[in-house]
file my_file17.cif (mmCIF, C-alpha atoms)
data_model
#
loop_
_atom_site.label_atom_id
_atom_site.label_comp_id
_atom_site.auth_asym_id
_atom_site.auth_seq_id
_atom_site.Cartn_x
_atom_site.Cartn_y
_atom_site.Cartn_z
CA MET A 1 -6.76 24.64 7.73
CA ALA A 2 -9.55 24.29 5.26
CA GLY A 3 -7.75 22.84 2.25
CA GLY A 4 -4.24 23.07 3.79
CA PRO A 5 -1.13 24.70 2.37
CA SER A 6 -0.33 24.88 -1.33
CA LEU A 7 2.47 22.44 -2.12
CA GLY A 8 3.23 23.73 -5.60
CA ARG A 9 2.72 22.72 -9.21
CA GLN A 10 5.21 19.84 -9.10
CA PHE A 11 3.43 18.21 -6.17
CA GLY A 12 0.14 18.76 -7.98
CA TRP A 13 1.35 16.67 -10.92
CA LEU A 14 2.74 14.02 -8.55
CA TRP A 15 -0.58 13.88 -6.72
CA GLY A 16 -2.48 13.68 -10.01
CA ALA A 17 -0.28 10.81 -11.19
CA TYR A 18 -0.89 8.98 -7.91
CA ALA A 19 -4.64 9.58 -8.19
CA ALA A 20 -4.75 8.15 -11.73
CA SER A 21 -2.86 4.94 -10.91
CA THR A 22 -4.70 4.45 -7.61
CA ALA A 23 -8.09 4.82 -9.30
CA GLY A 24 -7.09 2.17 -11.84
CA THR A 25 -5.79 -0.18 -9.15
CA TRP A 26 -8.99 -0.08 -7.13
CA LEU A 27 -11.17 -0.30 -10.25
CA ALA A 28 -9.37 -3.56 -11.06
CA PHE A 29 -9.51 -4.84 -7.46
CA ASP A 30 -9.56 -8.68 -7.46
CA ALA A 31 -9.67 -8.61 -11.28
CA PHE A 32 -7.09 -11.39 -11.65
CA ALA A 33 -8.99 -13.67 -9.29
CA LEU A 34 -12.23 -13.01 -11.19
CA ILE A 35 -10.52 -13.65 -14.54
CA ALA A 36 -9.05 -16.89 -13.19
CA VAL A 37 -12.47 -18.07 -12.02
CA LEU A 38 -14.68 -16.76 -14.83
CA ALA A 39 -12.41 -17.12 -17.85
CA LEU A 40 -9.99 -19.91 -16.88
CA ASP A 41 -12.25 -22.01 -14.61
CA ALA A 42 -9.57 -21.93 -11.88
CA GLY A 43 -10.20 -23.64 -8.55
CA PRO A 44 -9.64 -22.34 -5.00
CA ALA A 45 -6.04 -23.61 -4.91
CA GLN A 46 -5.10 -21.70 -8.07
CA VAL A 47 -6.83 -18.53 -6.88
CA SER A 48 -4.97 -18.72 -3.57
CA LEU A 49 -1.69 -19.31 -5.42
CA LEU A 50 -2.36 -16.27 -7.59
CA ALA A 51 -3.12 -14.11 -4.54
CA ALA A 52 -0.09 -15.23 -2.52
CA ALA A 53 2.69 -16.21 -4.92
CA GLY A 54 2.55 -13.17 -7.19
CA PRO A 55 3.17 -10.53 -4.49
CA ALA A 56 5.64 -12.76 -2.61
CA VAL A 57 7.85 -13.49 -5.63
CA GLY A 58 7.51 -9.89 -6.80
CA ALA A 59 8.75 -8.72 -3.41
CA LEU A 60 11.85 -10.93 -3.70
CA LEU A 61 12.58 -9.72 -7.23
CA SER A 62 12.30 -6.07 -6.19
CA LEU A 63 14.98 -6.28 -3.48
CA PRO A 64 18.06 -6.01 -5.73
CA LEU A 65 16.52 -2.91 -7.32
CA GLY A 66 16.55 -0.94 -4.05
CA PRO A 67 20.29 -0.14 -3.94
CA TRP A 68 20.30 0.46 -7.70
CA VAL A 69 17.43 2.97 -7.48
CA GLU A 70 19.01 4.69 -4.45
CA VAL A 71 21.78 6.31 -6.54
CA ARG A 72 19.60 7.29 -9.52
CA ARG A 73 17.15 10.07 -10.19
CA LYS A 74 13.82 8.87 -8.87
CA ARG A 75 11.37 10.36 -11.37
CA PRO A 76 12.70 8.38 -14.39
CA VAL A 77 12.58 5.22 -12.28
CA MET A 78 8.96 5.94 -11.35
CA ILE A 79 8.05 6.56 -15.01
CA ALA A 80 9.76 3.32 -16.03
CA ALA A 81 7.87 1.38 -13.32
CA ASP A 82 4.58 2.85 -14.56
CA LEU A 83 5.36 1.87 -18.15
CA VAL A 84 6.35 -1.66 -17.12
CA ARG A 85 3.03 -2.08 -15.29
CA CYS A 86 1.15 -0.67 -18.28
CA VAL A 87 2.78 -3.02 -20.79
CA VAL A 88 2.48 -6.23 -18.76
CA LEU A 89 -1.14 -5.51 -17.86
CA LEU A 90 -1.99 -4.81 -21.51
CA SER A 91 -0.77 -8.32 -22.33
CA VAL A 92 -3.73 -9.78 -20.41
CA PRO A 93 -6.61 -8.35 -22.51
CA MET A 94 -4.56 -8.91 -25.68
CA ALA A 95 -4.08 -12.60 -24.85
CA PHE A 96 -7.73 -12.89 -23.78
CA PHE A 97 -9.07 -11.52 -27.08
CA LEU A 98 -6.68 -13.81 -28.99
CA ASP A 99 -7.93 -16.76 -26.89
CA ARG A 100 -4.36 -17.38 -25.65
CA LEU A 101 -4.69 -16.34 -22.00
CA GLY A 102 -3.48 -18.91 -19.46
CA PHE A 103 -3.03 -19.13 -15.72
CA LEU A 104 0.77 -18.97 -15.98
CA GLN A 105 0.55 -15.61 -17.76
CA LEU A 106 -1.67 -14.22 -15.01
CA LEU A 107 0.85 -15.41 -12.42
CA LEU A 108 3.82 -13.87 -14.25
CA VAL A 109 1.99 -10.57 -14.73
CA SER A 110 1.10 -10.55 -11.04
CA VAL A 111 4.79 -11.02 -10.16
CA ALA A 112 5.92 -8.24 -12.51
CA VAL A 113 3.31 -5.80 -11.24
CA ALA A 114 4.19 -6.53 -7.60
CA ALA A 115 7.91 -5.95 -8.24
CA ALA A 116 7.18 -2.70 -10.09
CA ASP A 117 4.80 -1.60 -7.30
CA ILE A 118 7.51 -1.92 -4.65
CA THR A 119 10.14 -0.24 -6.82
CA PHE A 120 7.81 2.64 -7.63
CA GLY A 121 6.78 3.09 -3.99
CA ALA A 122 10.37 3.16 -2.75
CA ALA A 123 11.43 5.70 -5.39
CA ALA A 124 8.30 7.79 -4.79
CA GLY A 125 8.99 8.06 -1.06
CA ALA A 126 12.50 9.39 -1.68
CA TYR A 127 11.18 11.73 -4.40
CA LEU A 128 8.47 13.11 -2.13
CA LYS A 129 10.94 13.76 0.69
CA SER A 130 13.14 15.86 -1.60
CA LEU A 131 10.23 17.62 -3.33
CA VAL A 132 8.12 18.71 -0.34
CA PRO A 133 9.40 20.74 2.64
CA ARG A 134 9.61 18.72 5.83
CA GLU A 135 6.91 20.75 7.59
CA HIS A 136 4.45 19.85 4.80
CA LEU A 137 5.19 16.12 4.54
CA LEU A 138 2.26 15.15 6.77
CA VAL A 139 -0.15 17.21 4.66
CA ALA A 140 1.21 15.59 1.48
CA ASN A 141 0.92 12.07 2.90
CA GLY A 142 -2.55 12.89 4.18
CA ARG A 143 -3.62 13.85 0.65
CA PHE A 144 -2.26 10.60 -0.75
CA GLU A 145 -4.07 8.65 1.97
CA ALA A 146 -7.36 10.47 1.33
CA THR A 147 -7.02 9.76 -2.40
CA ASN A 148 -6.42 6.08 -1.71
CA TRP A 149 -9.51 5.72 0.48
CA THR A 150 -11.67 7.67 -1.98
CA ALA A 151 -10.58 5.33 -4.77
CA SER A 152 -11.17 2.26 -2.58
CA MET A 153 -14.66 3.51 -1.81
CA VAL A 154 -15.67 4.02 -5.44
CA GLY A 155 -13.43 1.66 -7.41
CA PRO A 156 -14.49 -1.90 -6.46
CA PRO A 157 -18.27 -1.38 -6.85
CA LEU A 158 -17.74 0.46 -10.13
CA GLY A 159 -15.30 -2.21 -11.28
CA GLY A 160 -17.82 -4.93 -10.47
CA ALA A 161 -20.44 -3.14 -12.56
CA VAL A 162 -17.98 -2.70 -15.45
CA ILE A 163 -17.05 -6.41 -15.35
CA GLY A 164 -20.75 -7.34 -15.36
CA LEU A 165 -21.39 -5.18 -18.42
CA PHE A 166 -18.22 -5.59 -20.49
CA GLY A 167 -16.40 -8.71 -19.28
CA PRO A 168 -13.65 -9.67 -16.85
CA VAL A 169 -10.62 -8.09 -18.59
CA THR A 170 -12.08 -4.60 -19.01
CA THR A 171 -10.88 -3.34 -15.66
CA VAL A 172 -7.37 -4.69 -16.32
CA LEU A 173 -7.31 -2.63 -19.51
CA ALA A 174 -8.43 0.43 -17.52
CA ASP A 175 -5.73 -0.24 -14.92
CA ALA A 176 -3.07 -0.37 -17.66
CA VAL A 177 -4.27 2.96 -19.04
CA SER A 178 -4.13 4.46 -15.53
CA TYR A 179 -0.41 3.67 -15.31
CA LEU A 180 0.16 5.34 -18.67
CA LEU A 181 -1.65 8.43 -17.38
CA SER A 182 0.50 8.31 -14.25
CA ALA A 183 3.68 8.20 -16.34
CA LEU A 184 2.48 11.18 -18.38
CA GLY A 185 1.71 13.10 -15.18
CA LEU A 186 5.19 12.40 -13.80
CA ARG A 187 6.76 13.48 -17.07
CA ALA A 188 4.78 16.74 -16.91
CA ILE A 189 6.59 17.66 -13.69
CA GLY A 190 9.55 18.52 -15.89
CA ALA A 191 13.14 19.34 -15.03
CA ALA A 192 11.99 22.11 -12.68
CA GLY A 193 10.58 19.49 -10.37
CA ARG A 194 13.72 17.38 -10.35
CA PRO A 195 14.82 17.01 -6.73
CA ARG A 196 18.36 16.64 -5.59
CA THR A 197 19.53 13.06 -5.25
CA VAL A 198 22.69 11.30 -4.33
CA GLY A 199 25.26 12.15 -6.99
CA ALA A 200 23.29 15.09 -8.39
CA ALA A 201 24.06 18.77 -8.24
CA ALA A 202 21.56 21.45 -7.26
CA ASP A 203 20.54 22.06 -10.87
CA GLY A 204 19.85 18.38 -11.41
CA SER A 205 23.03 17.72 -13.40
CA ARG A 206 25.16 14.77 -12.47
CA ALA A 207 27.89 15.81 -10.01
CA ARG A 208 29.61 12.46 -10.00
CA PRO A 209 28.94 9.02 -11.42
CA PRO A 210 26.59 6.96 -9.24
CA ALA A 211 28.29 4.42 -7.05
CA ARG A 212 27.89 0.86 -8.17
CA PRO A 213 25.63 -1.00 -5.70
CA LYS A 214 27.45 -3.53 -3.54
CA ALA A 215 26.15 -6.90 -2.44
CA GLY A 216 25.91 -5.66 1.14
CA ASP A 217 23.58 -2.83 0.04
CA LEU A 218 20.76 -5.37 -0.33
CA LEU A 219 20.56 -5.49 3.48
CA GLY A 220 21.05 -1.75 3.98
CA GLY A 221 17.33 -1.04 4.39
CA TRP A 222 16.86 -3.73 7.03
CA ARG A 223 20.03 -2.67 8.84
CA HIS A 224 18.72 0.87 9.14
CA ILE A 225 15.27 -0.30 10.29
CA LEU A 226 16.53 -2.78 12.88
CA ALA A 227 19.17 -0.41 14.27
CA ASP A 228 16.69 2.40 14.92
CA PRO A 229 14.92 2.13 18.33
CA ALA A 230 11.71 3.68 16.96
CA LEU A 231 11.59 2.21 13.44
CA ARG A 232 12.29 -1.36 14.61
CA PRO A 233 9.11 -1.80 16.72
CA LEU A 234 7.09 0.25 14.23
CA PHE A 235 8.27 -2.07 11.45
CA LEU A 236 7.21 -5.16 13.39
CA ASN A 237 3.91 -3.56 14.33
CA THR A 238 2.89 -2.47 10.84
CA VAL A 239 4.02 -5.66 9.08
CA LEU A 240 2.20 -7.92 11.54
CA ALA A 241 -0.94 -5.78 11.89
CA ASN A 242 -1.39 -5.34 8.14
CA ALA A 243 -0.84 -9.06 7.55
CA LEU A 244 -3.46 -10.05 10.13
CA ILE A 245 -5.99 -7.53 8.82
CA MET A 246 -5.57 -8.79 5.26
CA ALA A 247 -5.47 -12.47 6.25
CA ALA A 248 -8.95 -12.22 7.76
CA SER A 249 -10.49 -10.88 4.53
CA PRO A 250 -10.84 -14.17 2.56
CA PRO A 251 -12.42 -16.05 5.52
CA LEU A 252 -14.81 -13.12 6.02
CA LEU A 253 -15.79 -13.29 2.36
CA VAL A 254 -16.50 -17.02 2.69
CA LEU A 255 -18.46 -16.44 5.91
CA MET A 256 -20.62 -13.68 4.45
CA VAL A 257 -21.21 -14.91 0.89
CA HIS A 258 -21.15 -18.69 1.34
CA ASP A 259 -22.24 -19.39 4.92
CA LEU A 260 -24.55 -16.43 5.58
CA HIS A 261 -25.76 -16.03 1.98
CA PHE A 262 -25.14 -12.32 1.58
CA ALA A 263 -25.37 -11.19 -2.03
CA PRO A 264 -22.10 -10.10 -3.70
CA TRP A 265 -23.35 -6.50 -3.90
CA GLN A 266 -24.00 -6.54 -0.15
CA TYR A 267 -20.48 -7.80 0.49
CA ALA A 268 -19.05 -5.05 -1.74
CA LEU A 269 -21.23 -2.44 -0.01
CA ALA A 270 -20.05 -3.62 3.41
CA PHE A 271 -16.51 -2.59 2.52
CA ALA A 272 -17.11 0.35 0.16
CA VAL A 273 -19.14 2.50 2.57
CA PRO A 274 -16.72 2.18 5.53
CA CYS A 275 -13.93 3.58 3.33
CA THR A 276 -15.42 6.99 4.10
CA GLY A 277 -13.77 6.45 7.50
CA GLY A 278 -10.36 6.38 5.83
CA LEU A 279 -11.13 9.61 3.99
CA LEU A 280 -12.25 11.31 7.20
CA GLY A 281 -9.30 9.95 9.20
CA SER A 282 -6.68 11.05 6.67
CA ARG A 283 -8.20 14.54 6.51
CA ALA A 284 -8.20 14.76 10.31
CA ALA A 285 -4.62 13.52 10.81
CA PRO A 286 -2.83 16.90 10.40
CA ARG A 287 -5.30 18.59 12.75
CA LEU A 288 -4.94 15.86 15.36
CA VAL A 289 -1.14 16.05 15.21
CA ALA A 290 -1.24 19.84 15.51
CA ARG A 291 -3.46 19.57 18.61
CA TYR A 292 -2.17 16.50 20.43
CA GLY A 293 1.32 15.92 19.02
CA ARG A 294 2.66 13.33 16.60
CA ASP A 295 3.75 10.78 19.19
CA ARG A 296 0.41 10.67 21.00
CA VAL A 297 -1.58 10.40 17.76
CA LEU A 298 0.70 7.67 16.38
CA ARG A 299 0.36 5.52 19.48
CA ALA A 300 -3.38 6.16 19.96
CA ALA A 301 -4.33 5.46 16.34
CA GLY A 302 -2.03 2.41 16.23
CA THR A 303 -3.68 1.03 19.35
CA LEU A 304 -7.28 1.77 18.37
CA ARG A 305 -6.97 0.19 14.90
CA ALA A 306 -6.20 -3.16 16.59
CA CYS A 307 -9.39 -3.15 18.68
CA TRP A 308 -12.06 -3.52 15.98
CA SER A 309 -11.43 -6.77 14.12
CA PRO A 310 -12.44 -9.29 16.84
CA ALA A 311 -16.06 -8.17 16.42
CA LEU A 312 -16.12 -9.57 12.86
CA ALA A 313 -16.14 -13.12 14.24
CA PHE A 314 -19.69 -12.44 15.54
CA THR A 315 -21.10 -11.49 12.12
CA GLY A 316 -24.59 -12.89 11.74
CA PRO A 317 -27.16 -13.09 8.94
CA GLY A 318 -29.37 -10.32 7.65
CA THR A 319 -29.29 -6.59 8.28
CA PRO A 320 -27.78 -6.79 11.80
CA GLY A 321 -24.80 -8.74 10.46
CA LEU A 322 -24.31 -6.32 7.60
CA VAL A 323 -24.46 -3.34 9.96
CA LEU A 324 -21.98 -4.99 12.33
CA VAL A 325 -19.47 -5.47 9.50
CA MET A 326 -19.91 -1.91 8.24
CA VAL A 327 -19.53 -0.31 11.68
CA THR A 328 -16.51 -2.46 12.51
CA GLU A 329 -14.81 -1.78 9.19
CA PHE A 330 -15.58 1.96 9.48
CA GLY A 331 -13.86 2.14 12.86
CA LEU A 332 -10.87 0.10 11.67
CA ILE A 333 -10.43 2.09 8.45
CA ALA A 334 -10.86 5.46 10.18
CA CYS A 335 -8.05 4.58 12.60
CA CYS A 336 -5.90 3.43 9.67
CA GLY A 337 -6.68 6.68 7.89
CA VAL A 338 -5.20 8.61 10.81
CA PHE A 339 -2.31 6.24 11.50
CA ASN A 340 -0.99 5.72 7.97
CA PRO A 341 -0.02 9.28 6.97
CA VAL A 342 1.45 10.01 10.42
CA PHE A 343 3.44 6.78 10.29
CA ALA A 344 4.60 7.38 6.69
CA THR A 345 5.74 10.91 7.54
CA PHE A 346 7.57 9.78 10.68
CA ARG A 347 9.34 7.04 8.73
CA LEU A 348 10.52 9.52 6.08
CA GLU A 349 11.69 12.02 8.70
CA ARG A 350 13.54 9.31 10.58
CA THR A 351 15.40 7.98 7.52
CA PRO A 352 18.41 9.79 5.98
CA ALA A 353 17.89 10.85 2.36
CA ASP A 354 20.52 8.43 1.06
CA ARG A 355 18.78 5.42 2.65
CA VAL A 356 15.13 6.15 1.90
CA THR A 357 14.78 3.95 -1.19
CA ARG A 358 16.43 0.91 0.37
CA THR A 359 14.46 1.34 3.59
CA LEU A 360 11.09 1.65 1.86
CA ALA A 361 11.88 -1.25 -0.48
CA ALA A 362 12.85 -3.51 2.43
CA TRP A 363 9.77 -2.45 4.41
CA SER A 364 7.37 -3.00 1.51
CA ALA A 365 8.91 -6.29 0.40
CA THR A 366 8.74 -7.68 3.94
CA GLY A 367 5.15 -6.53 4.29
CA LYS A 368 4.01 -8.07 1.01
CA ALA A 369 5.78 -11.37 1.66
CA THR A 370 4.44 -11.58 5.23
CA THR A 371 0.90 -10.76 4.13
CA ALA A 372 1.06 -13.37 1.36
CA ALA A 373 2.31 -16.08 3.73
CA THR A 374 -0.19 -15.17 6.46
CA THR A 375 -3.09 -15.09 3.99
CA ALA A 376 -2.16 -18.56 2.72
CA LEU A 377 -1.87 -19.89 6.29
CA TRP A 378 -5.22 -18.40 7.28
CA GLY A 379 -6.79 -19.99 4.20
CA VAL A 380 -5.70 -23.40 5.47
CA LEU A 381 -6.96 -22.53 8.96
CA ALA A 382 -10.34 -21.42 7.61
CA ALA A 383 -10.65 -24.64 5.61
CA THR A 384 -9.95 -26.83 8.66
CA ALA A 385 -11.42 -24.92 11.61
CA GLY A 386 -13.97 -22.75 9.83
CA PRO A 387 -13.97 -19.08 8.81
CA ARG A 388 -15.20 -17.79 12.20
CA ALA A 389 -12.29 -19.41 14.00
CA ALA A 390 -9.82 -17.94 11.50
CA ILE A 391 -11.34 -14.45 11.85
CA ALA A 392 -11.38 -14.72 15.65
CA LEU A 393 -7.72 -15.78 15.82
CA ALA A 394 -6.63 -12.93 13.55
CA GLY A 395 -8.59 -10.47 15.67
CA GLY A 396 -7.17 -11.86 18.91
CA LEU A 397 -3.59 -11.59 17.64
CA LEU A 398 -4.26 -8.04 16.46
CA LEU A 399 -5.03 -7.06 20.05
CA VAL A 400 -1.40 -7.84 20.89
CA THR A 401 0.15 -5.70 18.15
CA PRO A 402 -0.03 -2.37 20.07
CA LEU A 403 2.62 -3.82 22.40
CA LEU A 404 5.01 -3.52 19.44
CA LEU A 405 4.47 0.22 19.02
CA PRO A 406 7.57 2.27 19.93
CA ARG A 407 7.78 3.70 23.42
CA LYS A 408 7.55 7.45 23.82
CA PRO A 409 11.29 8.00 24.54
CA ASP A 410 12.19 6.15 21.32
CA LEU A 411 9.95 8.45 19.26
CA ALA A 412 12.15 11.45 20.05
CA GLU A 413 13.83 12.82 16.97
CA ILE A 414 17.40 11.74 16.35
CA ALA A 415 19.90 13.24 13.95
CA PRO A 416 20.19 11.09 10.82
CA GLN A 417 23.54 9.37 10.51
CA PRO A 418 25.37 9.42 7.18
CA VAL A 419 25.89 6.23 5.30
CA GLY A 420 29.17 4.68 6.26
#

call {"tool": "encode", "arguments": {"input": "my_file17.cif", "output": "structure tokens"}}
result
Amino acid sequence: MAGGPSLGRQFGWLWGAYAASTAGTWLAFDAFALIAVLALDAGPAQVSLLAAAGPAVGALLSLPLGPWVEVRRKRPVMIAADLVRCVVLLSVPMAFFLDRLGFLQLLLVSVAVAAADITFGAAAGAYLKSLVPREHLLVANGRFEATNWTASMVGPPLGGAVIGLFGPVTTVLADAVSYLLSALGLRAIGAAGRPRTVGAAADGSRARPPARPKAGDLLGGWRHILADPALRPLFLNTVLANALIMAASPPLLVLMVHDLHFAPWQYALAFAVPCTGGLLGSRAAPRLVARYGRDRVLRAAGTLRACWSPALAFTGPGTPGLVLVMVTEFGLIACCGVFNPVFATFRLERTPADRVTRTLAAWSATGKATTAATTALWGVLAATAGPRAAIALAGGLLLVTPLLLPRKPDLAEIAPQPVG
């Protein structure tokens, strides 16, 4: 399996587009927070508002787009989402150089980017399912996961260096360009890569006019998730686990940089190096599934990823503390690297083609809103009880999340039901 199967030219362009936008995203990691602090002299409350409100409001705004995207060709929607992100991000360096940049603009751009992120992701999931044969979906998702962890390993340290050399808005400009490159890559797929969608004939021509979305379609994604005996617990598990993992990050930053006096480069290194675990895990996922079976790998990786975070509450000063963080994060990220592509593939296989966009939009919007709310709550907890207490509570609650994983009988494949 050295290299895996060839998935074709169209997937190659899709993968390249994903790689370009992902590299830009990780290069500009925390760029808005740094701009708010360095250029706008924002305080902790404004930075927290920027981190929480933007994704939460963006998630709400993206929900009506799910049913609308469901009945349209997905590639033009993805290109449009890329161009929207490019344009709104370009407004930040333009306003900065004109000395007109304000906090409200950063907040509005954050909202627009979050809404476009969810819309793009939902359309991309449906597009991938129709473009790649079912037996190769895990390999495709594994390649996306490996690309994400590679970018997360290289992007933030490189972005920090770029900001130090050229100023705080440089990485935002690079991120905007990455979305333009992504749109060009998607356009290069061409009509030959146009998958069949609802209301489209085999040659990509329109077979019938798309149905007008109904008000009830807004809840269609959640109805499908909550009615499925395997997706329902998996939904609760992933939303809660991801929120708790992310909520512990700001208190850990405060603990390491403020309380324990680690240098910023040491903090960045503590999270860049462990991302190799995600790369290794995503590459191993297809092999593990082939050897042990999808259900066993999904449950094992989902359980093991919850077992690492409590150790972060014992982070101490100096080299031992840095090593503890790196080992803990490596184990956590490696388990996520295995779990994520297997979970994403199972979710696509379990969802009928005419519900994929709504399901992914509902899943992503719920996840972003929950993570934003949990992060804000944990910020208050860290301010009152201290960062160690906040990290310990998040880690303790994570230990409970494996109980929400679906039981083995519920993981059995079921025939997708048509939309009624």

call {"tool": "closest_residue", "arguments": {"input": "my_file17.cif", "among": "A:Leu399, A:Val57, A:Val342, A:Ala272", "to": "A:Ala301", "atoms": "all atoms listed in the file"}}
result
A:Val342

call {"tool": "resolve_selection", "arguments": {"input": "my_file17.cif", "expression": "the PyMOL selection byres ((chain A and resi 372-379) around 12)", "output": "PyMOL selection string"}}
result
chain A and resi 44-59+114+239-254+365-371+380-394

call {"tool": "residues_around", "arguments": {"input": "my_file17.cif", "residues": "A:Ala124", "least_positions_apart": "2", "cutoff": "8 Å", "atoms": "all atoms listed in the file", "output": "JSON, numbers by chain"}}
result
{"A": [74, 75, 78, 120, 121, 122, 126, 127, 128]}

call {"tool": "resolve_selection", "arguments": {"input": "my_file17.cif", "expression": "the PyMOL selection byres ((chain A and resi 109) around 10)", "output": "mmCIF file with C-alpha atoms, in the coordinates of the input"}}
result
data_model
loop_
_atom_site.group_PDB
_atom_site.id
_atom_site.type_symbol
_atom_site.label_atom_id
_atom_site.label_comp_id
_atom_site.auth_asym_id
_atom_site.auth_seq_id
_atom_site.Cartn_x
_atom_site.Cartn_y
_atom_site.Cartn_z
ATOM 1 C CA PHE A 32 -7.090 -11.390 -11.650
ATOM 2 C CA GLY A 54 2.550 -13.170 -7.190
ATOM 3 C CA GLY A 58 7.510 -9.890 -6.800
ATOM 4 C CA ARG A 85 3.030 -2.080 -15.290
ATOM 5 C CA VAL A 87 2.780 -3.020 -20.790
ATOM 6 C CA VAL A 88 2.480 -6.230 -18.760
ATOM 7 C CA LEU A 89 -1.140 -5.510 -17.860
ATOM 8 C CA LEU A 90 -1.990 -4.810 -21.510
ATOM 9 C CA SER A 91 -0.770 -8.320 -22.330
ATOM 10 C CA VAL A 92 -3.730 -9.780 -20.410
ATOM 11 C CA PHE A 103 -3.030 -19.130 -15.720
ATOM 12 C CA LEU A 104 0.770 -18.970 -15.980
ATOM 13 C CA GLN A 105 0.550 -15.610 -17.760
ATOM 14 C CA LEU A 106 -1.670 -14.220 -15.010
ATOM 15 C CA LEU A 107 0.850 -15.410 -12.420
ATOM 16 C CA LEU A 108 3.820 -13.870 -14.250
ATOM 17 C CA SER A 110 1.100 -10.550 -11.040
ATOM 18 C CA VAL A 111 4.790 -11.020 -10.160
ATOM 19 C CA ALA A 112 5.920 -8.240 -12.510
ATOM 20 C CA VAL A 113 3.310 -5.800 -11.240
ATOM 21 C CA ALA A 114 4.190 -6.530 -7.600
ATOM 22 C CA ALA A 115 7.910 -5.950 -8.240
#

call {"tool": "axis_aligned_box", "arguments": {"input": "my_file17.cif", "around": "stretch 260-279 of chain A", "padding_each_side": "5 Å", "output": "AutoDock Vina command-line options"}}
result
--center_x -18.1 --center_y -3.4 --center_z 1.8 --size_x 25.4 --size_y 36.0 --size_z 21.4

call {"tool": "resolve_selection", "arguments": {"input": "my_file17.cif", "expression": "the PyMOL selection byres ((chain A and resi 160-168) around 12)", "output": "JSON list (two decimals) with C-alpha atoms, in the coordinates of the input"}}
result
[["chain", "number", "residue", "atom", "x", "y", "z"],
["A", 26, "TRP", "CA", -8.99, -0.08, -7.13],
["A", 27, "LEU", "CA", -11.17, -0.30, -10.25],
["A", 28, "ALA", "CA", -9.37, -3.56, -11.06],
["A", 29, "PHE", "CA", -9.51, -4.84, -7.46],
["A", 30, "ASP", "CA", -9.56, -8.68, -7.46],
["A", 31, "ALA", "CA", -9.67, -8.61, -11.28],
["A", 32, "PHE", "CA", -7.09, -11.39, -11.65],
["A", 33, "ALA", "CA", -8.99, -13.67, -9.29],
["A", 34, "LEU", "CA", -12.23, -13.01, -11.19],
["A", 35, "ILE", "CA", -10.52, -13.65, -14.54],
["A", 36, "ALA", "CA", -9.05, -16.89, -13.19],
["A", 37, "VAL", "CA", -12.47, -18.07, -12.02],
["A", 38, "LEU", "CA", -14.68, -16.76, -14.83],
["A", 39, "ALA", "CA", -12.41, -17.12, -17.85],
["A", 40, "LEU", "CA", -9.99, -19.91, -16.88],
["A", 92, "VAL", "CA", -3.73, -9.78, -20.41],
["A", 93, "PRO", "CA", -6.61, -8.35, -22.51],
["A", 96, "PHE", "CA", -7.73, -12.89, -23.78],
["A", 97, "PHE", "CA", -9.07, -11.52, -27.08],
["A", 154, "VAL", "CA", -15.67, 4.02, -5.44],
["A", 155, "GLY", "CA", -13.43, 1.66, -7.41],
["A", 156, "PRO", "CA", -14.49, -1.90, -6.46],
["A", 157, "PRO", "CA", -18.27, -1.38, -6.85],
["A", 158, "LEU", "CA", -17.74, 0.46, -10.13],
["A", 159, "GLY", "CA", -15.30, -2.21, -11.28],
["A", 169, "VAL", "CA", -10.62, -8.09, -18.59],
["A", 170, "THR", "CA", -12.08, -4.60, -19.01],
["A", 171, "THR", "CA", -10.88, -3.34, -15.66],
["A", 172, "VAL", "CA", -7.37, -4.69, -16.32],
["A", 173, "LEU", "CA", -7.31, -2.63, -19.51],
["A", 174, "ALA", "CA", -8.43, 0.43, -17.52],
["A", 264, "PRO", "CA", -22.10, -10.10, -3.70],
["A", 265, "TRP", "CA", -23.35, -6.50, -3.90],
["A", 267, "TYR", "CA", -20.48, -7.80, 0.49],
["A", 268, "ALA", "CA", -19.05, -5.05, -1.74],
["A", 269, "LEU", "CA", -21.23, -2.44, -0.01],
["A", 272, "ALA", "CA", -17.11, 0.35, 0.16]]

call {"tool": "residues_around", "arguments": {"input": "my_file17.cif", "residues": "A:Ala285", "least_positions_apart": "3", "cutoff": "12 Å", "atoms": "all atoms listed in the file", "output": "number ranges by chain"}}
result
A: 1, 4, 137-143, 145-146, 278-282, 288-294, 296-298, 300-301, 334-345

call {"tool": "atom_distance", "arguments": {"input": "my_file17.cif", "atom1": "atom CA of A:Thr319", "atom2": "atom CA of A:Asp259"}}
result
15.0 Å

call {"tool": "closest_residue", "arguments": {"input": "my_file17.cif", "among": "A:Leu404, A:Val356, A:Ile79, A:Leu312", "to": "A:Gly220", "atoms": "only C-alpha atoms"}}
result
A:Val356

call {"tool": "residues_around", "arguments": {"input": "my_file17.cif", "residues": "A:Thr147", "least_positions_apart": "5", "cutoff": "9 Å", "atoms": "only C-alpha atoms", "output": "number ranges by chain"}}
result
A: 15, 18-19, 22-23, 142, 152, 279

call {"tool": "closest_residue", "arguments": {"input": "my_file17.cif", "among": "A:Ile189, A:Thr351, A:Ala313, A:Leu98", "to": "A:Ala227", "atoms": "only C-alpha atoms"}}
result
A:Thr351

call {"tool": "atom_distance", "arguments": {"input": "my_file17.cif", "atom1": "atom CA of A:Asp117", "atom2": "atom CA of A:Val77"}}
result
11.5 Å

call {"tool": "atom_distance", "arguments": {"input": "my_file17.cif", "atom1": "atom CA of A:Leu180", "atom2": "atom CA of A:Asp82"}}
result
6.5 Å
